[in-house]
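Okay, final_28.cif now, which holds mmCIF, C-alpha atoms:
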data_input
#
loop_
_atom_site.group_PDB
_atom_site.id
_atom_site.type_symbol
_atom_site.label_atom_id
_atom_site.label_comp_id
_atom_site.auth_asym_id
_atom_site.auth_seq_id
_atom_site.Cartn_x
_atom_site.Cartn_y
_atom_site.Cartn_z
ATOM 1 C CA MET Q 158 -98.514 -35.008 3.096
ATOM 2 C CA GLY Q 159 -97.962 -34.820 -0.622
ATOM 3 C CA LEU Q 160 -94.942 -34.021 -2.712
ATOM 4 C CA PHE Q 161 -95.626 -30.242 -2.902
ATOM 5 C CA ASN Q 162 -97.149 -29.926 0.559
ATOM 6 C CA ALA Q 163 -94.383 -27.604 1.762
ATOM 7 C CA GLN Q 164 -95.781 -24.839 -0.468
ATOM 8 C CA LYS Q 165 -99.216 -25.190 1.126
ATOM 9 C CA LEU Q 166 -97.732 -25.175 4.620
ATOM 10 C CA MET Q 167 -95.724 -22.024 3.845
ATOM 11 C CA LYS Q 168 -98.792 -20.316 2.364
ATOM 12 C CA ASN Q 169 -100.937 -21.158 5.390
ATOM 13 C CA ARG Q 170 -98.236 -20.006 7.805
ATOM 14 C CA LYS Q 171 -98.044 -16.676 5.959
ATOM 15 C CA LYS Q 172 -101.836 -16.328 6.052
ATOM 16 C CA PHE Q 173 -102.349 -17.235 9.714
ATOM 17 C CA ARG Q 174 -99.484 -15.024 10.924
ATOM 18 C CA TRP Q 175 -101.964 -12.131 10.830
ATOM 19 C CA ASN Q 176 -103.848 -13.706 13.755
ATOM 20 C CA ASP Q 177 -100.792 -13.079 15.926
ATOM 21 C CA HIS Q 178 -101.182 -9.682 17.619
ATOM 22 C CA THR Q 179 -97.474 -8.901 17.975
ATOM 23 C CA TYR Q 180 -96.812 -9.667 14.303
ATOM 24 C CA LYS Q 181 -99.716 -7.476 13.208
ATOM 25 C CA VAL Q 182 -98.537 -4.515 15.314
ATOM 26 C CA ARG Q 183 -95.000 -4.858 13.961
ATOM 27 C CA ALA Q 184 -95.987 -5.360 10.316
ATOM 28 C CA LEU Q 185 -98.463 -2.470 10.173
ATOM 29 C CA ASP Q 186 -96.177 -0.136 12.220
ATOM 30 C CA LEU Q 187 -99.010 0.538 14.676
ATOM 31 C CA ARG Q 188 -96.697 1.460 17.559
ATOM 32 C CA ARG Q 189 -95.441 4.565 15.721
ATOM 33 C CA LYS Q 190 -98.873 5.481 14.317
ATOM 34 C CA ALA Q 191 -100.501 5.429 17.757
ATOM 35 C CA ASP Q 192 -97.612 7.376 19.328
ATOM 36 C CA PRO Q 193 -98.472 11.041 20.133
ATOM 37 C CA LEU Q 194 -94.837 12.045 19.495
ATOM 38 C CA GLY Q 195 -94.814 10.285 16.111
ATOM 39 C CA GLY Q 196 -91.680 8.274 16.821
ATOM 40 C CA ALA Q 197 -89.669 11.278 18.074
ATOM 41 C CA SER Q 198 -87.939 11.185 21.451
ATOM 42 C CA GLN Q 199 -89.009 14.698 22.502
ATOM 43 C CA ALA Q 200 -91.687 17.216 21.523
ATOM 44 C CA LYS Q 201 -92.734 20.790 22.304
ATOM 45 C CA GLY Q 202 -96.153 21.715 23.560
ATOM 46 C CA ILE Q 203 -98.236 24.370 25.299
ATOM 47 C CA VAL Q 204 -99.465 23.830 28.873
ATOM 48 C CA VAL Q 205 -103.275 23.798 28.899
ATOM 49 C CA SER Q 206 -103.839 23.099 32.602
ATOM 50 C CA LYS Q 207 -102.196 21.724 35.745
ATOM 51 C CA PHE Q 208 -103.604 18.881 37.840
ATOM 52 C CA GLN Q 209 -102.652 16.389 40.530
ATOM 53 C CA LYS Q 210 -102.863 12.639 40.242
ATOM 54 C CA GLU Q 211 -103.032 10.270 43.175
ATOM 55 C CA ALA Q 212 -100.197 7.731 43.336
ATOM 56 C CA ALA Q 213 -101.022 4.040 43.091
ATOM 57 C CA GLN Q 214 -100.973 1.671 46.069
ATOM 58 C CA PRO Q 215 -99.151 1.457 48.466
ATOM 59 C CA SER Q 216 -97.957 5.084 48.046
ATOM 60 C CA SER Q 217 -100.291 7.900 48.994
ATOM 61 C CA GLY Q 218 -98.851 11.106 47.519
ATOM 62 C CA MET Q 219 -100.268 13.545 44.992
ATOM 63 C CA ARG Q 220 -98.159 13.637 41.823
ATOM 64 C CA LYS Q 221 -98.012 17.020 40.084
ATOM 65 C CA CYS Q 222 -98.888 16.805 36.379
ATOM 66 C CA CYS Q 223 -99.964 19.067 33.530
ATOM 67 C CA LYS Q 224 -102.005 18.696 30.366
ATOM 68 C CA VAL Q 225 -99.878 19.583 27.325
ATOM 69 C CA GLN Q 226 -101.119 20.244 23.798
ATOM 70 C CA LEU Q 227 -98.432 19.237 21.311
ATOM 71 C CA VAL Q 228 -97.396 21.828 18.721
ATOM 72 C CA LYS Q 229 -96.797 19.405 15.856
ATOM 73 C CA SER Q 230 -99.956 17.292 16.089
ATOM 74 C CA GLY Q 231 -102.389 19.185 18.339
ATOM 75 C CA ILE Q 232 -102.883 16.116 20.538
ATOM 76 C CA SER Q 233 -103.354 16.733 24.287
ATOM 77 C CA ILE Q 234 -101.409 14.452 26.643
ATOM 78 C CA GLY Q 235 -100.648 14.309 30.353
ATOM 79 C CA ALA Q 236 -97.073 15.003 31.495
ATOM 80 C CA PHE Q 237 -95.468 14.549 34.914
ATOM 81 C CA ILE Q 238 -93.622 17.518 36.471
ATOM 82 C CA PRO Q 239 -90.575 16.034 38.276
ATOM 83 C CA GLY Q 240 -88.828 17.746 41.168
ATOM 84 C CA ASN Q 241 -89.610 19.163 44.586
ATOM 85 C CA LEU Q 242 -92.012 22.162 44.200
ATOM 86 C CA ALA Q 243 -91.226 22.221 40.457
ATOM 87 C CA GLU Q 244 -94.895 22.767 39.531
ATOM 88 C CA LYS Q 245 -94.644 26.434 40.542
ATOM 89 C CA PHE Q 246 -92.302 27.033 37.567
ATOM 90 C CA VAL Q 247 -94.822 25.602 35.087
ATOM 91 C CA ASP Q 248 -97.717 27.973 34.350
ATOM 92 C CA GLU Q 249 -100.564 27.804 31.850
ATOM 93 C CA HIS Q 250 -99.651 28.863 28.287
ATOM 94 C CA ASP Q 251 -95.947 28.131 28.892
ATOM 95 C CA GLU Q 252 -94.034 26.335 26.165
ATOM 96 C CA VAL Q 253 -92.642 23.070 27.514
ATOM 97 C CA MET Q 254 -90.468 20.289 26.133
ATOM 98 C CA ILE Q 255 -91.561 16.763 27.043
ATOM 99 C CA GLU Q 256 -89.959 13.341 26.761
ATOM 100 C CA ARG Q 257 -90.980 9.768 27.520
ATOM 101 C CA ILE Q 258 -90.751 8.662 31.135
ATOM 102 C CA GLY Q 259 -89.362 5.280 30.075
ATOM 103 C CA GLY Q 260 -91.683 2.661 31.511
ATOM 104 C CA LYS Q 261 -91.658 -0.835 30.080
ATOM 105 C CA GLN Q 262 -93.168 -1.212 26.599
ATOM 106 C CA GLY Q 263 -93.899 2.523 26.413
ATOM 107 C CA ARG Q 264 -96.281 2.394 29.375
ATOM 108 C CA SER Q 265 -96.379 4.565 32.489
ATOM 109 C CA LYS Q 266 -93.608 4.205 35.043
ATOM 110 C CA GLY Q 267 -93.689 3.765 38.786
ATOM 111 C CA ASN Q 268 -96.866 4.653 40.644
ATOM 112 C CA ILE Q 269 -98.200 7.374 38.315
ATOM 113 C CA ARG Q 270 -101.068 5.714 36.461
ATOM 114 C CA GLY Q 271 -101.693 6.770 32.846
ATOM 115 C CA ILE Q 272 -98.896 9.343 32.600
ATOM 116 C CA ARG Q 273 -96.245 8.387 30.021
ATOM 117 C CA PHE Q 274 -94.350 11.671 29.572
ATOM 118 C CA ARG Q 275 -92.443 14.182 31.719
ATOM 119 C CA VAL Q 276 -91.544 17.850 31.413
ATOM 120 C CA ILE Q 277 -87.840 18.603 30.911
ATOM 121 C CA GLN Q 278 -87.833 22.278 29.806
ATOM 122 C CA VAL Q 279 -90.019 25.312 30.478
ATOM 123 C CA ASN Q 280 -89.673 28.283 28.086
ATOM 124 C CA ASP Q 281 -86.312 26.882 26.859
ATOM 125 C CA GLN Q 282 -84.948 26.671 30.440
ATOM 126 C CA PRO Q 283 -84.078 23.241 31.919
ATOM 127 C CA LEU Q 284 -86.604 22.412 34.656
ATOM 128 C CA HIS Q 285 -84.090 20.773 37.007
ATOM 129 C CA LEU Q 286 -81.954 23.948 37.053
ATOM 130 C CA LEU Q 287 -85.051 26.071 37.730
ATOM 131 C CA TRP Q 288 -86.132 24.201 40.839
ATOM 132 C CA LYS Q 289 -82.554 23.930 42.097
ATOM 133 C CA GLY Q 290 -82.401 27.741 41.938
ATOM 134 C CA LYS Q 291 -79.438 27.918 39.554
ATOM 135 C CA ILE Q 292 -81.299 29.963 36.876
ATOM 136 C CA GLU Q 293 -84.443 32.070 36.659
ATOM 137 C CA LYS Q 294 -87.447 31.380 34.496
ATOM 138 C CA GLY Q 295 -87.295 32.986 31.048
ATOM 139 C CA ARG Q 296 -89.784 35.686 30.088
ATOM 140 C CA ARG Q 297 -91.986 35.101 27.048
#

Written as structure tokens, how would this file's structure read?
Amino acid sequence: MGLFNAQKLMKNRKKFRWNDHTYKVRALDLRRKADPLGGASQAKGIVVSKFQKEAAQPSSGMRKCCKVQLVKSGISIGAFIPGNLAEKFVDEHDEVMIERIGGKQGRSKGNIRGIRFRVIQVNDQPLHLLWKGKIEKGRR
């Protein structure tokens, strides 16, 4: 431990910080770069197909989902369709608005494995009002 050793310690700390995964992700802004929505809270997309996903243990239901191709980036992602019999209002080639489901650390929520987004609008009509029967689906 010499007289100017603090400078060496500071330099080494700065250098070896890059071995820390959380620091690297934060410093290089990797969370936003890897995000399909590009940091936005919502995005529009076109429905490519509909599919069902089996719920994780101990539940045993089939969760209704759809594959959505985003308008702004062209990336295809899976989106959950919430609501009782709401999947009948979502057809292929419909324009949908999606948002994050809100699981911890941007991951999937509940027992739907690998699905991080949900549908909130179909052809500029709110999905929850469609399946409640308050409004009809818009023509495109």

Original post:
the PyMOL selection byres ((chain Q and resi 295) around 7) on the file shown: which residues, as a list in words?
Top reply: Asn280, Gln282, Glu293, Lys294, Arg296 and Arg297 of chain Q

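Between Phe274 (chain Q) and the candidates Q:Ser230, Q:Asn241, Q:Asn176, Q:Gln199, the tightest atom-to-atom separation, counting all atoms listed in the file, involves Q:Gln199.
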
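Here the question is which of Q:Val279, Q:Ile258, Q:Ile269, Q:Ala184 gets nearest to Gly218 (chain Q) using only C-alpha atoms, and that residue is Q:Ile269.
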
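What the PyMOL selection byres ((chain Q and resi 213) around 9) matches in the given file is Q:Glu211, Q:Ala212, Q:Gln214, Q:Pro215, Q:Ser216, Q:Ser217, Q:Gly218, Q:Gly267, Q:Asn268, Q:Ile269, Q:Arg270.
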
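CA of Lys165 (chain Q) sits 20.5 Å away from CA of Tyr180 (chain Q).
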
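In this comparison, which uses only C-alpha atoms, the residue of Q:Val253, Q:Ile238, Q:Leu287, Q:Ala243 approaching Val225 (chain Q) most closely is Q:Val253.
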
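Our summary of the geometry notes that CA of Arg273 (chain Q) is positioned 10.8 Å from CA of Asp192 (chain Q).
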
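Across Q:Met167, Q:Ile272, Q:Met254, Q:Val182, the tightest approach to Cys222 (chain Q) is made by Q:Ile272 when counting all atoms listed in the file.
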
Original post:
Which residues match the PyMOL selection byres ((chain Q and resi 206) around 6) in the file above, as a PyMOL selection string?
Top reply: chain Q and resi 204-205+207+223-224+249

Original post:
Distance CA of Arg220 (chain Q)-CA of Phe237 (chain Q), one decimal place?
Top reply: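 Result for CA of Arg220 (chain Q) versus CA of Phe237 (chain Q): 7.5 Å, one decimal.
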
Original post:
Using only C-alpha atoms, which of Q:Gly202, Q:Gly290, Q:Pro193, Q:Pro283 sits nearest Leu227 (chain Q)?
Top reply: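 The answer is Q:Gly202, which sits nearest to Leu227 (chain Q).
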
Original post:
Between Q:Met158, Q:Lys168, Q:Ile255, Q:Ala236, which has the minimum distance to Ser198 (chain Q) (counting all atoms listed in the file)?
Top reply: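 Of Q:Met158, Q:Lys168, Q:Ile255, Q:Ala236, the one nearest Ser198 (chain Q), counting all atoms listed in the file, is Q:Ile255.
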
Using all atoms of region 263-273 of chain Q that appear in the file, construct an axis-aligned enclosing box with 3 Å of padding on every side and provide its centre coordinates and edge lengths in Å, rounded to one decimal, as JSON.
{"center_x": -97.7, "center_y": 5.9, "center_z": 33.5, "size_x": 14.1, "size_y": 12.9, "size_z": 20.2}
